[in-house]
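This report concerns only the one structure given below.
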Amino acid sequence: MSTTRRNFIKTACLGGACLCGFSSILEANPLNAISEKNEETDPKVSMNQFWIAELLNNLDANLDKESIRKVVKSVSVAHYNDLNIENILAPYKGKLEEFVPFLEKEWGWICSFKDKNTLIANENKPHCVCPLVKGLNEKLPALCYCSEGFAERMFGYVCQRPVKATVISSVFRGDKYCVYQIEL
């Protein structure tokens with residue numbers, strides 16, 4: 001079997017040769033992965049999750065918090081685009097007052113306004129909802145910056161202007177729920 005360019009790039013990226021591996025990592029379906037390897041585990045999927053965990057742990061060990069935030073927040077575009085989230089959000093474009101009830105009814109979130117320019121959004125789930133880490137037992141707090149980026153993209157699209165999202169509570173950081181402060 002000949003090696004295609006695509007397979008070569010996937011192998012190189014997954015081997016850690018570059019950070020571009022995120023795109024090929026996302027192609028493997030990590031929703032089925034588990035943290036313990038066994039005969040039934042897809043070794044590539046497990047390796048992808050462990051690669052992500054190792055990368056995030058190394059970022060935590062070697063970079064300052066703001067550098068980590070900038071890098072990890074920027075890759076939120078992959079999940080945002082993969083979900084084609086703007087199609088879901090289209091009915092709420094420019095209608096935050098309708099989007100908040102959607103989040104509460106359809107996604108189970110709990111939302112409240114701290115003031116007219118600040119929304120507190122609680123995912124209201126006792127686990128991390130990120131599909132990249134489903135089944136991993138390891139806590140990866142740096143991944144929360146991806147959630148910040150995702151929330152900024154989502155609320156920014158709805159509000160039709162840049163917003164700032166900050167994770168103020170996180171399951172990965174030992175809290176009961178993941179909660180965001182959205183500065184509108």
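Each chain of the structure tokens is named A, B, ... in the order shown, its residues numbered from 1; ligands are numbered from 1 in display order.
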* Quick one: everything within 7 Å of range 156-161 of chain A, counting only C-alpha atoms, minus sequence neighbours fewer than 2 positions away in the same chain. Send it as a list in words. =>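 The residues that qualify are Leu89, Tyr92, Lys93, Gly94, Lys95, Leu96, Glu152, Arg153, Met154 and Val163 of chain A.
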* What's the 7 Å shell around Val167 in chain A, counting only C-alpha atoms, without same-chain residues fewer than 3 positions away, as a PyMOL selection string? -> chain A and resi 144+148+170+179-181
* **Selected residue of minimal separation from Val171 in chain A among A:Ala90, A:Leu143, A:Leu184, A:Val71, counting only C-alpha atoms** =>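 Selected residue with least distance to Val171 in chain A: A:Leu143.
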* Structure fact -> For Ile182 in chain A, the closest of A:Glu86, A:Asp115, A:Glu97, A:Glu66 counting only C-alpha atoms is A:Asp115
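Candidate residues A:Ala151, A:Leu55, A:Leu140, A:Ala61 were compared for distance to Leu103 in chain A, and the nearest is A:Ala151, using only C-alpha atoms.
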* Which is closest to Lys134 in chain A among A:Asn57, A:Gln49, A:Asn87, A:Ser76, if we use only C-alpha atoms? ->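 The shortest atom-to-atom distance to Lys134 in chain A comes from A:Gln49.
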* Asked: Which residue out of A:Gly174, A:Asn48, A:Lys70, A:Phe102 has the minimum interatomic distance to Tyr145 in chain A when only C-alpha atoms are used?
  ->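 Nearest to Tyr145 in chain A: A:Lys70.
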* Which is closest to Tyr177 in chain A among A:Gly149, A:Pro91, A:Pro131, A:Pro126, if we use only C-alpha atoms? ->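 Closest to Tyr177 in chain A of all the choices is A:Pro126.
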* Asked: For the atom pair CA of Lys176 in chain A and CA of Lys125 in chain A, what is the interatomic distance in Å to one decimal place?
  ->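 Taking CA of Lys176 in chain A and CA of Lys125 in chain A, their separation equals 8.0 Å.
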* **range 69-141 of chain A: residues DSSP assigns to strand (DSSP E), reported as a list of chain:residue names** => A:Ile110, A:Cys111, A:Ser112, A:Phe113, A:Lys114, A:Asp115, A:Thr118, A:Leu119, A:Ile120, A:Ala121, A:Asn122
Please dump the current selection as a short mmCIF file (atom, residue, chain, number, x, y, z; two decimals), in the first residue's frame; keep N, CA and C atoms.
data_model
loop_
_atom_site.label_atom_id
_atom_site.label_comp_id
_atom_site.auth_asym_id
_atom_site.auth_seq_id
_atom_site.Cartn_x
_atom_site.Cartn_y
_atom_site.Cartn_z
N ILE A 110 -28.16 27.11 32.68
CA ILE A 110 -28.78 28.07 33.58
C ILE A 110 -28.08 29.40 33.33
N CYS A 111 -28.83 30.40 32.92
CA CYS A 111 -28.25 31.70 32.57
C CYS A 111 -28.88 32.80 33.40
N SER A 112 -28.06 33.77 33.75
CA SER A 112 -28.56 34.94 34.46
C SER A 112 -27.68 36.14 34.12
N PHE A 113 -28.30 37.29 34.14
CA PHE A 113 -27.55 38.50 33.86
C PHE A 113 -27.04 39.08 35.17
N LYS A 114 -25.73 39.26 35.25
CA LYS A 114 -25.09 39.89 36.40
C LYS A 114 -25.41 41.38 36.37
N ASP A 115 -25.37 41.93 35.17
CA ASP A 115 -25.80 43.30 34.88
C ASP A 115 -26.15 43.32 33.40
N THR A 118 -23.25 41.77 31.28
CA THR A 118 -22.56 40.56 31.72
C THR A 118 -23.55 39.42 31.96
N LEU A 119 -23.33 38.34 31.24
CA LEU A 119 -24.16 37.15 31.37
C LEU A 119 -23.35 36.05 32.06
N ILE A 120 -23.95 35.39 33.01
CA ILE A 120 -23.34 34.21 33.63
C ILE A 120 -24.06 33.00 33.04
N ALA A 121 -23.30 32.13 32.39
CA ALA A 121 -23.87 30.96 31.71
C ALA A 121 -23.29 29.69 32.32
N ASN A 122 -24.14 28.89 32.94
CA ASN A 122 -23.77 27.66 33.60
C ASN A 122 -24.21 26.49 32.72
#
